[in-house]
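model-v3.txt, holding compact mmCIF, C-alpha atoms and all ligand atoms:
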```txt
# COMPACT_ATOMS: atom_id res chain seq x y z
CA MET A 973 108.08 51.46 152.06
CA ALA A 974 107.97 52.74 155.62
CA THR A 975 111.03 53.65 157.63
CA VAL A 976 111.74 53.95 161.35
CA ASN A 977 114.37 56.13 163.01
CA THR A 978 116.92 54.07 164.92
CA VAL A 979 119.82 55.65 166.78
CA LEU A 980 122.09 54.72 163.85
CA GLY A 981 119.73 56.18 161.26
CA PRO A 982 116.48 55.23 159.53
CA ILE A 983 115.81 51.61 158.58
CA ASP A 984 113.09 49.99 156.49
CA THR A 985 110.35 48.43 158.65
CA ALA A 986 111.10 45.14 156.86
CA GLU A 987 114.51 45.19 158.60
CA LEU A 988 113.07 45.46 162.12
CA GLY A 989 112.96 41.67 162.50
CA PHE A 990 112.43 40.29 166.00
CA THR A 991 111.57 43.39 168.01
CA LEU A 992 111.14 43.95 171.74
CA MET A 993 108.90 46.98 172.00
CA HIS A 994 109.57 48.19 175.56
CA GLU A 995 113.03 47.88 177.11
CA HIS A 996 115.68 50.06 178.76
CA VAL A 997 119.43 49.89 178.08
CA MET A 998 120.04 52.16 181.08
CA CYS A 999 117.40 53.61 183.34
CA GLY A 1000 117.58 56.04 186.25
CA PHE A 1001 116.86 59.73 186.33
CA ALA A 1002 117.68 62.79 184.24
CA GLY A 1003 121.45 63.23 183.94
CA VAL A 1004 122.40 60.05 185.82
CA PHE A 1005 124.78 58.68 183.16
CA ARG A 1006 126.72 61.91 182.76
CA ASP A 1007 126.60 63.31 186.27
CA CYS A 1008 126.19 60.38 188.70
CA PRO A 1009 127.71 57.35 186.91
CA GLU A 1010 128.87 55.94 190.28
CA LEU A 1011 125.26 55.01 190.96
CA LEU A 1012 125.12 52.77 187.89
CA GLY A 1013 127.90 50.48 189.12
CA GLU A 1014 131.22 49.54 187.54
CA ASN A 1015 131.71 48.90 183.83
CA MET A 1016 128.15 49.87 183.09
CA MET A 1017 128.77 50.27 179.38
CA GLU A 1018 130.35 46.82 179.13
CA ARG A 1019 127.48 45.27 181.04
CA ALA A 1020 124.90 46.93 178.81
CA VAL A 1021 126.72 45.89 175.63
CA ASP A 1022 127.15 42.29 176.89
CA ASP A 1023 123.45 42.07 177.69
CA LEU A 1024 122.55 43.32 174.21
CA LYS A 1025 125.11 41.08 172.51
CA LYS A 1026 123.50 38.06 174.21
CA ALA A 1027 120.13 39.27 172.96
CA LYS A 1028 121.46 39.66 169.42
CA LYS A 1029 123.02 36.20 169.49
CA GLY A 1030 119.67 34.80 170.67
CA GLY A 1031 117.80 36.35 167.76
CA VAL A 1032 116.72 39.81 168.96
CA ASP A 1033 117.18 42.28 166.10
CA THR A 1034 115.65 45.45 167.49
CA ILE A 1035 114.61 47.02 170.79
CA VAL A 1036 112.58 50.12 171.53
CA ASP A 1037 114.35 51.96 174.34
CA ALA A 1038 111.52 53.44 176.42
CA THR A 1039 113.84 55.71 178.41
CA THR A 1040 112.63 59.30 178.33
CA ILE A 1041 114.61 62.37 179.46
CA ASP A 1042 113.32 62.07 183.03
CA LEU A 1043 114.34 58.38 183.14
CA GLY A 1044 117.90 59.36 182.18
CA ARG A 1045 117.94 58.86 178.42
CA ASP A 1046 121.46 59.42 177.09
CA ILE A 1047 121.52 59.36 173.34
CA ASN A 1048 125.27 58.86 172.96
CA LEU A 1049 125.09 55.82 175.23
CA LEU A 1050 122.36 54.34 173.04
CA VAL A 1051 124.39 54.99 169.89
CA GLU A 1052 127.45 53.24 171.34
CA ALA A 1053 125.35 50.34 172.69
CA SER A 1054 123.74 49.80 169.29
CA ARG A 1055 127.00 50.10 167.36
CA ARG A 1056 128.85 47.64 169.62
CA SER A 1057 126.05 45.08 170.01
CA GLY A 1058 124.53 45.10 166.53
CA VAL A 1059 121.03 45.49 167.99
CA ASN A 1060 118.91 48.21 166.35
CA ILE A 1061 117.78 50.64 169.04
CA ILE A 1062 114.80 52.93 168.59
CA ALA A 1063 114.98 55.90 170.97
CA CYS A 1064 111.90 57.63 172.33
CA SER A 1065 110.85 61.20 172.89
CA GLY A 1066 108.15 62.30 175.31
CA TRP A 1067 108.10 62.19 179.08
CA TRP A 1068 107.50 59.66 181.86
CA MET A 1069 106.26 60.58 185.34
CA ASP A 1070 109.17 62.43 186.95
CA ILE A 1071 107.62 65.83 186.46
CA PRO A 1072 109.86 68.76 187.45
CA ARG A 1073 108.37 71.57 189.54
CA PHE A 1074 109.18 73.97 186.76
CA PHE A 1075 106.71 72.19 184.50
CA ALA A 1076 103.98 74.25 186.19
CA GLY A 1077 102.31 76.29 183.47
CA ILE A 1078 104.08 74.59 180.56
CA SER A 1079 101.61 74.03 177.72
CA PRO A 1080 101.06 70.94 175.55
CA ASP A 1081 102.28 72.94 172.55
CA GLN A 1082 105.56 73.84 174.26
CA LEU A 1083 106.14 70.15 174.91
CA ALA A 1084 105.05 69.23 171.38
CA ASP A 1085 107.73 71.59 170.03
CA ILE A 1086 110.43 69.71 171.96
CA PHE A 1087 109.14 66.26 171.02
CA THR A 1088 108.77 67.24 167.36
CA ARG A 1089 112.32 68.59 167.24
CA GLU A 1090 113.62 65.33 168.75
CA VAL A 1091 111.92 63.38 165.95
CA GLU A 1092 112.71 65.73 163.08
CA LYS A 1093 116.10 67.26 163.94
CA GLY A 1094 117.72 65.31 166.75
CA ILE A 1095 118.23 64.71 170.45
CA SER A 1096 120.68 66.52 172.78
CA GLY A 1097 122.45 68.46 170.04
CA THR A 1098 123.05 65.35 167.91
CA ASP A 1099 121.34 64.41 164.67
CA VAL A 1100 120.06 61.18 166.27
CA LYS A 1101 116.29 61.14 165.94
CA ALA A 1102 113.56 59.59 168.08
CA GLY A 1103 111.43 56.90 166.44
CA ILE A 1104 108.56 56.80 168.92
CA LEU A 1105 106.74 59.13 171.35
CA LYS A 1106 105.92 58.25 174.95
CA ALA A 1107 103.49 59.47 177.59
CA ALA A 1108 102.71 57.98 180.99
CA SER A 1109 100.12 57.80 183.73
CA ASP A 1110 99.89 55.36 186.59
CA MET A 1111 97.77 54.55 189.67
CA SER A 1112 96.62 58.11 190.26
CA GLY A 1113 95.14 58.31 186.78
CA VAL A 1114 95.85 61.15 184.36
CA THR A 1115 97.11 64.08 186.44
CA ALA A 1116 97.11 67.68 185.15
CA GLU A 1117 100.80 67.41 184.22
CA GLY A 1118 100.30 63.96 182.71
CA GLU A 1119 97.50 65.37 180.58
CA ALA A 1120 99.69 68.21 179.27
CA ILE A 1121 102.36 65.66 178.31
CA LEU A 1122 99.83 63.33 176.67
CA ARG A 1123 98.39 66.19 174.64
CA GLY A 1124 101.92 67.35 173.75
CA VAL A 1125 102.74 63.84 172.55
CA ALA A 1126 99.49 63.71 170.52
CA ARG A 1127 100.32 67.02 168.82
CA ALA A 1128 103.91 65.94 168.08
CA HIS A 1129 102.44 62.75 166.60
CA HIS A 1130 100.24 64.77 164.25
CA ARG A 1131 103.24 66.78 163.10
CA THR A 1132 105.67 63.86 162.71
CA GLU A 1133 103.46 60.77 162.15
CA VAL A 1134 105.67 58.88 164.59
CA PRO A 1135 103.59 56.42 166.69
CA ILE A 1136 102.85 56.65 170.40
CA MET A 1137 103.58 54.32 173.32
CA VAL A 1138 101.57 54.93 176.48
CA HIS A 1139 102.68 53.77 179.92
CA SER A 1140 99.39 52.84 181.55
CA TYR A 1141 98.05 51.31 184.74
CA SER A 1142 95.94 48.46 183.46
CA PRO A 1143 94.66 47.21 186.87
CA GLY A 1144 92.93 50.60 187.25
CA ARG A 1145 91.78 50.76 183.60
CA VAL A 1146 93.62 54.09 183.29
CA GLY A 1147 93.75 53.52 179.54
CA GLU A 1148 90.12 54.60 179.33
CA GLN A 1149 91.09 58.12 180.43
CA GLN A 1150 94.22 58.20 178.28
CA LEU A 1151 92.42 57.10 175.14
CA ALA A 1152 89.63 59.64 175.72
CA ILE A 1153 92.26 62.42 175.70
CA LEU A 1154 94.00 61.03 172.62
CA LYS A 1155 90.61 60.84 170.85
CA GLU A 1156 89.95 64.47 171.78
CA GLU A 1157 93.28 65.31 170.15
CA GLY A 1158 92.13 63.49 167.00
CA VAL A 1159 94.72 60.70 167.19
CA ASP A 1160 94.04 57.54 165.16
CA LEU A 1161 94.21 54.92 167.94
CA GLY A 1162 95.77 52.47 165.48
CA ARG A 1163 98.98 54.47 166.00
CA VAL A 1164 98.88 53.93 169.77
CA LYS A 1165 100.34 51.12 171.89
CA MET A 1166 99.03 50.72 175.44
CA ASP A 1167 101.89 49.42 177.55
CA HIS A 1168 102.07 47.25 180.66
CA SER A 1169 98.80 45.64 179.60
CA ASN A 1170 99.81 42.36 181.20
CA ASP A 1171 99.82 43.91 184.68
CA THR A 1172 96.14 42.93 184.67
CA THR A 1173 94.38 39.65 183.92
CA ASP A 1174 91.16 41.49 182.96
CA VAL A 1175 90.91 40.16 179.41
CA GLU A 1176 87.60 41.93 178.85
CA TYR A 1177 89.28 45.33 179.41
CA LEU A 1178 92.24 44.42 177.21
CA VAL A 1179 89.96 43.32 174.38
CA TRP A 1180 88.10 46.62 174.76
CA LEU A 1181 91.43 48.45 174.28
CA LEU A 1182 92.14 46.36 171.17
CA GLU A 1183 88.65 47.08 169.85
CA GLN A 1184 89.46 50.79 170.03
CA GLY A 1185 92.18 50.02 167.48
CA CYS A 1186 95.18 50.10 169.83
CA TYR A 1187 98.15 47.80 169.97
CA LEU A 1188 98.97 46.29 173.37
CA GLY A 1189 102.36 46.06 175.02
CA ILE A 1190 102.45 42.67 176.77
CA ASP A 1191 105.66 44.01 178.09
CA ARG A 1192 106.31 43.13 181.67
CA TYR A 1193 108.20 39.86 182.09
CA PRO A 1194 108.77 38.30 184.53
CA GLY A 1195 107.04 41.26 186.25
CA ARG A 1196 105.56 41.63 189.72
CA ASN A 1197 102.09 41.14 191.24
CA VAL A 1198 100.80 39.01 188.36
CA SER A 1199 102.82 35.77 187.89
CA PRO A 1200 104.66 35.21 184.59
CA GLN A 1201 102.34 32.24 183.94
CA GLY A 1202 99.29 34.43 184.58
CA ARG A 1203 100.67 37.01 182.14
CA THR A 1204 101.15 34.36 179.48
CA LYS A 1205 97.64 32.96 179.97
CA THR A 1206 96.30 36.47 179.39
CA MET A 1207 98.36 36.69 176.20
CA LYS A 1208 96.95 33.33 175.07
CA ALA A 1209 93.41 34.66 175.62
CA LEU A 1210 94.20 37.70 173.43
CA ILE A 1211 95.66 35.47 170.72
CA ASP A 1212 92.55 33.28 170.87
CA ALA A 1213 90.44 36.42 170.49
CA GLY A 1214 92.21 37.02 167.17
CA TYR A 1215 94.68 39.75 168.09
CA ALA A 1216 98.07 38.02 167.58
CA ASP A 1217 99.13 40.72 165.09
CA ARG A 1218 98.43 43.60 167.48
CA ILE A 1219 100.22 42.51 170.63
CA CYS A 1220 103.84 43.20 171.42
CA PRO A 1221 105.55 40.93 173.97
CA SER A 1222 108.54 42.52 175.72
CA HIS A 1223 110.19 42.67 179.17
CA ASP A 1224 110.52 46.26 180.40
CA ARG A 1225 114.02 45.15 181.37
CA LEU A 1226 116.60 47.60 182.71
CA ALA A 1227 119.95 46.27 181.44
CA VAL A 1228 121.72 48.81 183.66
CA HIS A 1229 120.04 50.64 186.50
CA VAL A 1230 120.69 52.58 189.70
CA MET A 1231 122.36 50.26 192.23
CA ALA A 1232 120.88 51.23 195.59
CA ALA A 1233 122.68 50.23 198.79
CA THR A 1234 119.42 48.68 199.97
CA PRO A 1235 117.68 47.61 196.77
CA MET A 1236 114.02 46.59 196.58
CA ILE A 1237 115.25 43.41 194.97
CA THR A 1238 118.78 41.96 195.14
CA GLU A 1239 120.81 41.18 192.02
CA GLU A 1240 120.74 37.48 192.98
CA GLU A 1241 116.96 37.47 193.17
CA ARG A 1242 116.69 39.39 189.90
CA LEU A 1243 118.88 36.80 188.21
CA ARG A 1244 116.93 33.94 189.76
CA MET A 1245 113.64 35.40 188.48
CA ASN A 1246 115.08 36.03 185.02
CA PRO A 1247 118.25 34.14 184.05
CA HIS A 1248 117.60 34.87 180.35
CA GLY A 1249 117.82 38.67 180.22
CA PHE A 1250 116.33 40.06 177.01
CA LEU A 1251 115.68 36.46 175.90
CA TYR A 1252 113.18 35.64 178.67
CA VAL A 1253 110.19 35.96 176.34
CA LYS A 1254 111.84 33.58 173.86
CA GLU A 1255 113.16 31.12 176.41
CA ALA A 1256 110.44 31.07 179.07
CA VAL A 1257 107.25 32.59 177.64
CA PHE A 1258 107.05 31.12 174.15
CA PRO A 1259 107.45 27.50 175.36
CA LEU A 1260 104.51 27.98 177.74
CA LEU A 1261 102.43 29.54 174.96
CA LYS A 1262 103.17 26.45 172.89
CA GLU A 1263 102.17 24.21 175.79
CA LEU A 1264 98.92 26.17 176.09
CA GLY A 1265 98.18 25.32 172.47
CA VAL A 1266 99.28 28.38 170.47
CA SER A 1267 100.61 27.33 167.07
CA GLU A 1268 104.29 27.65 166.24
CA GLU A 1269 103.36 29.72 163.22
CA ILE A 1270 101.82 32.38 165.48
CA ILE A 1271 104.57 32.20 168.12
CA ASP A 1272 107.27 32.61 165.46
CA THR A 1273 105.82 35.92 164.29
CA LEU A 1274 104.68 37.36 167.65
CA CYS A 1275 107.54 39.81 168.06
CA ILE A 1276 107.73 40.51 164.34
CA LYS A 1277 104.27 41.20 162.92
CA GLY A 1278 102.85 43.38 165.74
CA PRO A 1279 105.90 45.69 165.90
CA ARG A 1280 106.12 46.02 162.11
CA ASN A 1281 102.38 46.67 161.72
CA PHE A 1282 102.58 49.26 164.49
CA PHE A 1283 105.41 51.22 162.86
CA GLU A 1284 103.82 50.95 159.43
CA GLY A 1285 100.49 52.20 160.78
CA VAL A 1286 98.59 49.18 159.46
ZN ZN B 1301 109.68 50.92 180.98
```

Please render this file's structure as structure tokens.
Amino acid sequence: MATVNTVLGPIDTAELGFTLMHEHVMCGFAGVFRDCPELLGENMMERAVDDLKKAKKGGVDTIVDATTIDLGRDINLLVEASRRSGVNIIACSGWWMDIPRFFAGISPDQLADIFTREVEKGISGTDVKAGILKAASDMSGVTAEGEAILRGVARAHHRTEVPIMVHSYSPGRVGEQQLAILKEEGVDLGRVKMDHSNDTTDVEYLVWLLEQGCYLGIDRYPGRNVSPQGRTKTMKALIDAGYADRICPSHDRLAVHVMAATPMITEEERLRMNPHGFLYVKEAVFPLLKELGVSEEIIDTLCIKGPRNFFEGV
């Protein structure tokens, strides 16, 4: 029996159920919830809980909250959101790409100590433990700071056995660099999920990642640059290649986020692109997969088998 740390305590992997492997209850920057709540808009807690309640009602049992410290992770917020909505929430440790100046000279082992403590003892002075580790690199490839974080995450993984999610830039095949570093650190790539893999339509590259043993986060929906239909066709190709049990569809949705006076995208447009919230994959992606010829048997287990296998280290 394998267990996973959720924000309300460990659960058996059999209880994970329908799991979205890359989401955000609230996303911004370090300290935003506590220190700058005005930026998150009115009634942010209610809005987050409503969004999650809708997800729960629609059949979502569990989400992985991919919000690291630098993205504004607030562990008490996640506890309250989970308690009030009934959705299991798995919190992450690790770091995204907002690297503070004072990181200069910080070693992978120093970071590994923090990440390990967050998995073994708790986050922000609570006894709430992280269930997954996260590292990130984007368009510019693995920077020096990104490398220190990735190595720190790898070392915390060795100490805790908690699996790793990697924010990657698939159009630039940045996963090749990230996996090379993880291999150097001796990480079993079967414990690694490469995220944002549907930002590319390069199936050959994605199959290469899968052949290395990784799981793939098909986790940007509706997403930008690549159309939602294009993303789903890529997923179909990966299913046809035999990898249905190693892919994890999700949205990378921010239930609550910083409300800029001049946003990149208006709330109306956001709602028009995705009227289903955390149920978009169920409501808009799965029907297209079915139309494309994927069997109901596979579709029904897509957000169940991959996540469970990943946490069990199968
Ligand atoms: Zn994300």

Proximity to A:Ile1104 - best of A:Arg1242, A:His994, A:Lys1025, A:His1168, only C-alpha atoms: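 Residue with the minimum atom-to-atom distance to A:Ile1104: A:His994.
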
Surrounding residues as a list in words, ligand ZN 1301 (chain B), max 8 Å, only C-alpha atoms and all ligand atoms: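 So the residues close to ligand ZN 1301 (chain B) are His994, Glu995, His996, Ala1038, Thr1039, His1139, Asp1224, Arg1225 and Leu1226 of chain A.
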
Residue among A:Leu1261, A:Val1164, A:Val1198, A:Val1175 lying closest to A:Met1137, counting only C-alpha atoms: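 Of A:Leu1261, A:Val1164, A:Val1198, A:Val1175, the one nearest A:Met1137 is A:Val1164, counting only C-alpha atoms.
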
Which residue of A:Asp1023, A:Asp1167, A:Glu1090, A:Glu1284 approaches A:Ala1102 most closely, using all atoms listed in the file: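 Going through A:Asp1023, A:Asp1167, A:Glu1090, A:Glu1284 one by one, the smallest distance to A:Ala1102 is for A:Glu1090.
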
Name all residues at most 8 Å from stretch 1116-1133 of chain A (count only C-alpha atoms; drop same-chain ones fewer than 4 positions away) and give them as a compact mmCIF listing (two decimals) with C-alpha atoms, keeping the file's coordinate frame.
```txt
# COMPACT_ATOMS: atom_id res chain seq x y z
CA GLY A 1066 108.15 62.30 175.31
CA TRP A 1067 108.10 62.19 179.08
CA MET A 1069 106.26 60.58 185.34
CA ILE A 1071 107.62 65.83 186.46
CA PHE A 1075 106.71 72.19 184.50
CA ALA A 1076 103.98 74.25 186.19
CA ILE A 1078 104.08 74.59 180.56
CA SER A 1079 101.61 74.03 177.72
CA PRO A 1080 101.06 70.94 175.55
CA ASP A 1081 102.28 72.94 172.55
CA GLN A 1082 105.56 73.84 174.26
CA LEU A 1083 106.14 70.15 174.91
CA ALA A 1084 105.05 69.23 171.38
CA ASP A 1085 107.73 71.59 170.03
CA PHE A 1087 109.14 66.26 171.02
CA THR A 1088 108.77 67.24 167.36
CA VAL A 1091 111.92 63.38 165.95
CA GLU A 1092 112.71 65.73 163.08
CA LEU A 1105 106.74 59.13 171.35
CA LYS A 1106 105.92 58.25 174.95
CA ALA A 1107 103.49 59.47 177.59
CA ALA A 1108 102.71 57.98 180.99
CA SER A 1109 100.12 57.80 183.73
CA GLN A 1150 94.22 58.20 178.28
CA ILE A 1153 92.26 62.42 175.70
CA LEU A 1154 94.00 61.03 172.62
CA GLU A 1157 93.28 65.31 170.15
CA VAL A 1159 94.72 60.70 167.19
```

Nearest to A:Ser1057 by atom-to-atom distance, counting only C-alpha atoms, from A:Val1100, A:Met1166, A:Val997, A:His1223: A:Val997

Atomic separation - atom CA of A:Leu1243 relative to atom CA of A:Ile1271, Å: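 We find that atom CA of A:Ile1271 and atom CA of A:Leu1243 lie 25.1 Å from each other.
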
Selected residue of minimal separation from A:Leu1178 among A:Phe1258, A:Trp1068, A:Tyr1141, A:Phe1283, counting all atoms listed in the file: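 So, comparing all the options, the nearest one is A:Tyr1141.
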
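Neighbourhood of point (88.3, 41.3, 171.7): residues with an atom at most 8 Å away, counting all atoms listed in the file, are A:Glu1176, A:Leu1178, A:Val1179, A:Trp1180, A:Leu1182, A:Glu1183, A:Leu1210, A:Ala1213, A:Gly1214, A:Tyr1215.
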
Nearest to A:Val1134 by atom-to-atom distance, counting only C-alpha atoms, from A:Gly1113, A:Gly989, A:Gly1285, A:Gly1158: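 Selected residue with least distance to A:Val1134: A:Gly1285.
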
Computed interatomic separation between atom CA of A:Lys1028 and atom CA of A:Asn1246 (Å):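 For atom CA of A:Lys1028 relative to atom CA of A:Asn1246, the distance reads 17.2 Å.
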
Test item: axis-aligned box, all listed atoms of stretch 1176-1180 of chain A, 4 Å on each side, centre and edges in Å rounded to one decimal, as AutoDock Vina command-line options:
```
--center_x 89.9 --center_y 44.3 --center_z 176.9 --size_x 12.6 --size_y 12.7 --size_z 13.0
```
